[in-house]
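Listing of model-v1.json; format and content: JSON, C-alpha atoms.
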```json
[["chain", "number", "residue", "atom", "x", "y", "z"],
["A", 230, "MET", "CA", -168.97, -7.33, 65.07],
["A", 231, "VAL", "CA", -172.53, -7.20, 66.31],
["A", 232, "LYS", "CA", -175.33, -6.98, 63.79],
["A", 233, "LEU", "CA", -178.79, -6.16, 65.03],
["A", 234, "PHE", "CA", -182.11, -6.88, 63.38],
["A", 235, "TYR", "CA", -184.52, -4.38, 64.91],
["A", 236, "LEU", "CA", -188.29, -4.26, 64.83],
["A", 237, "LEU", "CA", -189.73, -3.47, 61.42],
["A", 238, "SER", "CA", -193.35, -2.65, 60.86],
["A", 239, "CYS", "CA", -195.22, -2.66, 57.59],
["A", 240, "SER", "CA", -194.32, 0.34, 55.49],
["A", 241, "LEU", "CA", -197.39, -0.10, 53.32],
["A", 242, "SER", "CA", -199.89, 0.69, 56.03],
["A", 243, "ILE", "CA", -203.55, -0.17, 55.59],
["A", 244, "PHE", "CA", -205.84, 2.84, 55.70],
["A", 245, "ILE", "CA", -209.29, 1.54, 56.58],
["A", 246, "ALA", "CA", -211.21, 4.31, 54.86],
["A", 247, "ILE", "CA", -209.49, 3.68, 51.52],
["A", 248, "ALA", "CA", -207.62, 0.44, 50.95],
["A", 249, "CYS", "CA", -209.24, -1.76, 53.52],
["A", 250, "THR", "CA", -212.89, -0.77, 53.74],
["A", 251, "ASN", "CA", -215.47, -2.77, 51.84],
["A", 252, "GLN", "CA", -219.05, -1.60, 52.31],
["A", 253, "LEU", "CA", -221.57, -4.13, 51.04],
["A", 254, "LYS", "CA", -224.94, -3.01, 49.71],
["A", 255, "HIS", "CA", -228.33, -4.55, 50.39],
["A", 256, "LYS", "CA", -227.02, -6.55, 53.33],
["A", 257, "GLU", "CA", -228.15, -6.67, 56.94],
["A", 258, "PRO", "CA", -225.95, -7.62, 59.89],
["A", 259, "ILE", "CA", -226.64, -10.83, 61.74],
["A", 260, "ALA", "CA", -227.99, -9.87, 65.14],
["A", 261, "LYS", "CA", -226.37, -12.68, 67.13],
["A", 262, "PRO", "CA", -223.45, -14.21, 65.24],
["A", 263, "VAL", "CA", -221.86, -17.46, 66.31],
["A", 264, "VAL", "CA", -218.39, -16.59, 67.54],
["A", 265, "THR", "CA", -215.70, -19.25, 67.36],
["A", 266, "PRO", "CA", -214.10, -19.91, 70.78],
["A", 267, "GLU", "CA", -210.53, -18.80, 71.28],
["A", 268, "PRO", "CA", -208.15, -21.56, 70.13],
["A", 269, "LYS", "CA", -206.66, -23.72, 72.84],
["A", 270, "VAL", "CA", -202.93, -23.82, 73.31],
["A", 271, "PRO", "CA", -201.60, -27.22, 72.23],
["A", 272, "ALA", "CA", -199.70, -29.39, 74.68],
["A", 273, "SER", "CA", -196.28, -28.42, 73.29],
["A", 274, "GLY", "CA", -194.69, -27.78, 76.65],
["A", 275, "ASN", "CA", -194.36, -24.07, 75.90],
["A", 276, "ASN", "CA", -195.70, -21.20, 77.99],
["A", 277, "ALA", "CA", -195.50, -17.42, 77.88],
["A", 278, "ASN", "CA", -192.02, -17.42, 79.43],
["A", 279, "SER", "CA", -190.61, -20.12, 77.15],
["A", 280, "ILE", "CA", -187.86, -19.10, 74.74],
["A", 281, "ILE", "CA", -189.02, -19.29, 71.14],
["A", 282, "ASN", "CA", -187.41, -22.14, 69.19],
["A", 283, "PRO", "CA", -187.87, -22.43, 65.40],
["A", 284, "ASP", "CA", -187.79, -26.23, 65.72],
["A", 285, "ASN", "CA", -190.66, -26.22, 68.21],
["A", 286, "PHE", "CA", -192.51, -23.02, 67.36],
["A", 287, "ASP", "CA", -195.91, -22.70, 69.02],
["A", 288, "GLU", "CA", -197.84, -20.40, 66.71],
["A", 289, "GLU", "CA", -201.11, -20.83, 68.61],
["A", 290, "LEU", "CA", -199.51, -19.75, 71.87],
["A", 291, "LEU", "CA", -198.01, -16.61, 70.33],
["A", 292, "ALA", "CA", -201.29, -15.79, 68.55],
["A", 293, "LYS", "CA", -203.14, -16.21, 71.85],
["A", 294, "LEU", "CA", -200.75, -13.90, 73.71],
["A", 295, "LEU", "CA", -200.89, -11.38, 70.87],
["A", 296, "LEU", "CA", -204.69, -11.32, 70.97],
["A", 297, "GLU", "CA", -204.67, -10.92, 74.75],
["A", 298, "GLY", "CA", -202.41, -7.88, 74.43],
["A", 299, "ILE", "CA", -204.58, -6.35, 71.72],
["A", 300, "ASN", "CA", -207.77, -6.94, 73.70],
["A", 301, "GLN", "CA", -206.20, -5.28, 76.74],
["A", 302, "LEU", "CA", -205.49, -2.28, 74.55],
["A", 303, "ARG", "CA", -209.05, -2.29, 73.19],
["A", 304, "ALA", "CA", -210.49, -2.48, 76.71],
["A", 305, "SER", "CA", -208.52, 0.63, 77.66],
["A", 306, "LYS", "CA", -210.12, 2.42, 74.69],
["A", 307, "LYS", "CA", -213.62, 1.12, 75.54],
["A", 308, "ALA", "CA", -213.70, -1.12, 72.46],
["A", 309, "GLY", "CA", -215.06, -4.64, 72.75],
["A", 310, "PRO", "CA", -212.72, -7.63, 72.54],
["A", 311, "LEU", "CA", -211.85, -9.29, 69.26],
["A", 312, "SER", "CA", -212.78, -12.96, 68.91],
["A", 313, "PRO", "CA", -210.79, -15.44, 66.80],
["A", 314, "ASP", "CA", -212.44, -16.38, 63.52],
["A", 315, "PRO", "CA", -211.28, -19.41, 61.44],
["A", 316, "LEU", "CA", -212.25, -17.90, 58.09],
["A", 317, "LEU", "CA", -210.30, -14.71, 58.73],
["A", 318, "ALA", "CA", -207.40, -16.89, 59.92],
["A", 319, "LYS", "CA", -207.34, -18.53, 56.48],
["A", 320, "ALA", "CA", -207.10, -15.13, 54.81],
["A", 321, "ALA", "CA", -204.35, -14.09, 57.22],
["A", 322, "LEU", "CA", -202.39, -17.29, 56.64],
["A", 323, "ASP", "CA", -202.69, -16.88, 52.88],
["A", 324, "GLN", "CA", -201.11, -13.43, 52.96],
["A", 325, "ASN", "CA", -198.54, -14.40, 55.58],
["A", 326, "LYS", "CA", -197.30, -17.23, 53.37],
["A", 327, "PHE", "CA", -197.26, -14.91, 50.37],
["A", 328, "VAL", "CA", -195.07, -12.26, 52.02],
["A", 329, "THR", "CA", -192.83, -14.93, 53.55],
["A", 330, "GLN", "CA", -192.15, -16.43, 50.14],
["A", 331, "ARG", "CA", -191.48, -13.00, 48.63],
["A", 332, "GLY", "CA", -189.47, -11.78, 51.59],
["A", 333, "LYS", "CA", -191.21, -8.43, 51.36],
["A", 334, "LEU", "CA", -194.22, -6.88, 53.11],
["A", 335, "SER", "CA", -197.22, -6.12, 50.94],
["A", 336, "HIS", "CA", -201.00, -5.99, 51.26],
["A", 337, "GLU", "CA", -201.51, -7.10, 47.65],
["A", 338, "GLN", "CA", -200.81, -10.25, 45.66],
["A", 339, "GLY", "CA", -200.78, -8.84, 42.13],
["A", 340, "ALA", "CA", -203.38, -7.32, 39.83],
["A", 341, "LYS", "CA", -204.25, -10.64, 38.15],
["A", 342, "SER", "CA", -204.61, -12.62, 41.36],
["A", 343, "PRO", "CA", -208.12, -13.54, 42.57],
["A", 344, "LYS", "CA", -206.72, -12.76, 46.05],
["A", 345, "GLN", "CA", -205.23, -9.36, 45.23],
["A", 346, "THR", "CA", -206.54, -7.40, 48.22],
["A", 347, "VAL", "CA", -207.53, -8.33, 51.75],
["A", 348, "SER", "CA", -211.19, -7.97, 50.74],
["A", 349, "ASP", "CA", -210.59, -10.36, 47.83],
["A", 350, "ARG", "CA", -208.91, -12.88, 50.10],
["A", 351, "VAL", "CA", -211.70, -12.81, 52.66],
["A", 352, "ALA", "CA", -214.28, -13.27, 49.89],
["A", 353, "TYR", "CA", -212.16, -16.06, 48.35],
["A", 354, "TYR", "CA", -212.53, -18.06, 51.55],
["A", 355, "GLY", "CA", -216.27, -17.40, 51.73],
["A", 356, "GLY", "CA", -216.43, -14.36, 54.00],
["A", 357, "HIS", "CA", -219.02, -11.60, 53.66],
["A", 358, "TYR", "CA", -218.53, -8.56, 55.88],
["A", 359, "ASP", "CA", -219.31, -4.85, 55.77],
["A", 360, "MET", "CA", -215.74, -3.95, 56.68],
["A", 361, "VAL", "CA", -212.39, -5.72, 56.73],
["A", 362, "GLY", "CA", -208.85, -4.62, 57.62],
["A", 363, "GLU", "CA", -205.35, -6.04, 57.69],
["A", 364, "ASN", "CA", -202.12, -5.47, 59.62],
["A", 365, "LEU", "CA", -198.74, -6.88, 58.57],
["A", 366, "GLN", "CA", -195.41, -6.86, 60.32],
["A", 367, "LEU", "CA", -191.91, -8.30, 60.20],
["A", 368, "TRP", "CA", -190.55, -8.56, 63.74],
["A", 369, "GLY", "CA", -186.84, -9.33, 63.92],
["A", 370, "PHE", "CA", -184.76, -11.03, 66.60],
["A", 371, "MET", "CA", -181.29, -9.84, 67.50],
["A", 372, "VAL", "CA", -178.56, -11.50, 65.45],
["A", 373, "ILE", "CA", -175.01, -11.52, 66.78],
["A", 374, "THR", "CA", -172.30, -12.05, 64.16],
["A", 375, "GLN", "CA", -168.73, -12.99, 65.06],
["A", 376, "GLY", "CA", -166.60, -13.67, 62.04],
["A", 377, "ARG", "CA", -168.48, -16.14, 59.86],
["A", 378, "LYS", "CA", -170.69, -17.35, 62.69],
["A", 379, "SER", "CA", -174.08, -15.82, 63.40],
["A", 380, "THR", "CA", -176.24, -16.51, 66.42],
["A", 381, "THR", "CA", -179.88, -15.51, 66.75],
["A", 382, "GLU", "CA", -180.98, -14.39, 70.20],
["A", 383, "TYR", "CA", -184.59, -15.54, 70.50],
["A", 384, "THR", "CA", -187.00, -13.92, 72.96],
["A", 385, "THR", "CA", -189.76, -15.43, 75.06],
["A", 386, "TYR", "CA", -193.26, -15.77, 73.63],
["A", 387, "LYS", "CA", -194.43, -13.04, 76.00],
["A", 388, "GLU", "CA", -191.70, -10.63, 74.84],
["A", 389, "ALA", "CA", -192.47, -11.35, 71.19],
["A", 390, "ALA", "CA", -196.19, -10.73, 71.67],
["A", 391, "GLU", "CA", -195.51, -7.48, 73.51],
["A", 392, "GLY", "CA", -193.12, -6.39, 70.76],
["A", 393, "LEU", "CA", -195.63, -7.12, 68.01],
["A", 394, "VAL", "CA", -198.34, -5.09, 69.79],
["A", 395, "LYS", "CA", -195.95, -2.22, 70.52],
["A", 396, "ASN", "CA", -194.85, -2.07, 66.90],
["A", 397, "TRP", "CA", -198.40, -1.80, 65.59],
["A", 398, "VAL", "CA", -199.39, 0.71, 68.27],
["A", 399, "SER", "CA", -196.52, 2.98, 67.20],
["A", 400, "SER", "CA", -197.95, 3.21, 63.65],
["A", 401, "LYS", "CA", -201.16, 5.26, 63.39],
["A", 402, "PRO", "CA", -202.95, 3.26, 60.65],
["A", 403, "HIS", "CA", -202.08, -0.04, 62.33],
["A", 404, "TYR", "CA", -203.19, 1.33, 65.70],
["A", 405, "GLU", "CA", -206.50, 2.43, 64.19],
["A", 406, "ASN", "CA", -207.11, -1.13, 63.04],
["A", 407, "LEU", "CA", -206.35, -2.46, 66.52],
["A", 408, "VAL", "CA", -208.83, -0.22, 68.33],
["A", 409, "ARG", "CA", -211.53, 0.23, 65.67],
["A", 410, "LYS", "CA", -214.82, -0.44, 67.45],
["A", 411, "GLU", "CA", -216.51, -1.76, 64.30],
["A", 412, "PHE", "CA", -214.16, -4.73, 64.24],
["A", 413, "LYS", "CA", -215.38, -7.73, 66.21],
["A", 414, "LEU", "CA", -213.46, -10.68, 64.72],
["A", 415, "VAL", "CA", -209.83, -11.41, 63.91],
["A", 416, "GLY", "CA", -207.74, -14.03, 62.16],
["A", 417, "THR", "CA", -204.04, -14.34, 62.98],
["A", 418, "ALA", "CA", -201.09, -16.02, 61.24],
["A", 419, "ILE", "CA", -197.49, -15.92, 62.44],
["A", 420, "GLY", "CA", -194.46, -17.70, 61.03],
["A", 421, "PHE", "CA", -190.71, -17.49, 60.67],
["A", 422, "ASN", "CA", -189.03, -15.75, 57.77],
["A", 423, "GLN", "CA", -186.78, -17.79, 55.50],
["A", 424, "ASN", "CA", -183.70, -17.13, 57.64],
["A", 425, "ASP", "CA", -185.41, -18.00, 60.95],
["A", 426, "ASN", "CA", -184.31, -14.66, 62.43],
["A", 427, "GLY", "CA", -187.66, -12.89, 62.28],
["A", 428, "LEU", "CA", -191.40, -13.43, 62.40],
["A", 429, "TYR", "CA", -193.95, -12.39, 59.81],
["A", 430, "ALA", "CA", -197.28, -11.62, 61.47],
["A", 431, "THR", "CA", -200.56, -10.95, 59.71],
["A", 432, "GLN", "CA", -203.93, -10.12, 61.24],
["A", 433, "VAL", "CA", -207.20, -9.72, 59.34],
["A", 434, "TYR", "CA", -210.08, -7.92, 61.06],
["A", 435, "ALA", "CA", -213.78, -7.75, 60.29],
["A", 436, "ASN", "CA", -217.13, -6.86, 61.77],
["A", 437, "TYR", "CA", -219.85, -9.49, 62.05],
["A", 438, "PRO", "CA", -220.86, -11.44, 58.90],
["A", 439, "VAL", "CA", -223.76, -10.17, 56.85],
["A", 440, "LYS", "CA", -226.71, -11.99, 55.32],
["A", 441, "GLU", "CA", -226.80, -12.64, 51.60]]
```
Just dump the structure as structure tokens.
Amino acid sequence: MVKLFYLLSCSLSIFIAIACTNQLKHKEPIAKPVVTPEPKVPASGNNANSIINPDNFDEELLAKLLLEGINQLRASKKAGPLSPDPLLAKAALDQNKFVTQRGKLSHEQGAKSPKQTVSDRVAYYGGHYDMVGENLQLWGFMVITQGRKSTTEYTTYKEAAEGLVKNWVSSKPHYENLVRKEFKLVGTAIGFNQNDNGLYATQVYANYPVKE
């Protein structure tokens, strides 16, 4: 018997105008922000055409390829490229770990948590922006089951990055986050689910920081 784990995008989609917009008052944008350079790919021996291996997973490589795909999309829509931001990456990693532990997609961490919403998480790590957004996704690999034995068919890094972008593009609210011109910065976190047959991916977006 063959059991397939297909692509699954976040069912609780972020709507920028409601759940994910945080307009700050009495703030002025920084004219020329310092943008963190794109992270370098570590010397892991992996490249875009390498098959993903949970025992040697190169998160930075996949995040880099994912960002390249998103920036290609933004260029086609006349939106400027997103630049990696370490603070937003902390907020993304926080939520990615949270949903991985729960095994369920969600944009919130509970009413009593100081990191309940994406805006709360960004502020928790010291971020101050006019607008923030978040995309979540669980991207599954094919699992072939024969009797009691199951085998996961892993893709290349390039195929995984393309699949993640395609999944978000197919969902209107996620797509709007990807191409929103106000967003200039992004933080990315990607990791395996508890069964190692899928990847949780979280991206947090923001415009430039504002002055206190």
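Across A:Leu291, A:Ile281, A:Val408, A:Ala318, the tightest approach to A:Arg303 is made by A:Val408 when counting all atoms listed in the file.
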Within 12 Å of (-180.8, -14.7, 65.1) (file coordinates; only C-alpha atoms), which protein or nucleic acid residues are there? I'd like them as a ChimeraX atom specification.
/A:231-235,281-283,368-374,378-384,421-428
Which residues are close to A:Lys410, i.e. within 9 Å by all atoms listed in the file, leaving aside same-chain residues fewer than 5 positions away? Reply as JSON, numbers by chain.
{"A": [303, 307, 308, 309, 436]}
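One distance worth recording is that between atom CA of A:Gln366 and atom CA of A:Lys341, which is 24.2 Å.
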Residues within 12 Å of A:Lys395, only C-alpha atoms, excluding chain neighbours under 6 positions, as a PDB file with C-alpha atoms, keeping the file's coordinate frame:
```pdb
ATOM      1  CA  LEU A 236    -188.290  -4.260  64.830  1.00  0.00           C
ATOM      2  CA  LEU A 237    -189.730  -3.470  61.420  1.00  0.00           C
ATOM      3  CA  SER A 238    -193.350  -2.650  60.860  1.00  0.00           C
ATOM      4  CA  LEU A 295    -200.890 -11.380  70.870  1.00  0.00           C
ATOM      5  CA  GLY A 298    -202.410  -7.880  74.430  1.00  0.00           C
ATOM      6  CA  ILE A 299    -204.580  -6.350  71.720  1.00  0.00           C
ATOM      7  CA  LEU A 302    -205.490  -2.280  74.550  1.00  0.00           C
ATOM      8  CA  GLN A 366    -195.410  -6.860  60.320  1.00  0.00           C
ATOM      9  CA  TRP A 368    -190.550  -8.560  63.740  1.00  0.00           C
ATOM     10  CA  GLU A 388    -191.700 -10.630  74.840  1.00  0.00           C
ATOM     11  CA  ALA A 389    -192.470 -11.350  71.190  1.00  0.00           C
ATOM     12  CA  LYS A 401    -201.160   5.260  63.390  1.00  0.00           C
ATOM     13  CA  HIS A 403    -202.080  -0.040  62.330  1.00  0.00           C
ATOM     14  CA  TYR A 404    -203.190   1.330  65.700  1.00  0.00           C
ATOM     15  CA  LEU A 407    -206.350  -2.460  66.520  1.00  0.00           C
TER      16      LEU A 407
END
```
Excluding A:Leu317 and its own-chain neighbours fewer than 3 positions away, which residues fall within 12 Å of it when counting all atoms listed in the file? Please give them as a count of residues only.
39
Between atom CA of A:Asn325 and atom CA of A:Val439, what is the distance in Å, rounded to a tenth?
25.6 Å
Between atom CA of A:Leu334 and atom CA of A:Asp287, measure the distance and give it in Å to one decimal.
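About the pair atom CA of A:Leu334 and atom CA of A:Asp287: they are 22.5 Å apart.
Closest approach to A:Leu296 among A:Lys440, A:His336, A:Lys319, A:Lys387: A:Lys387, based on all atoms listed in the file.
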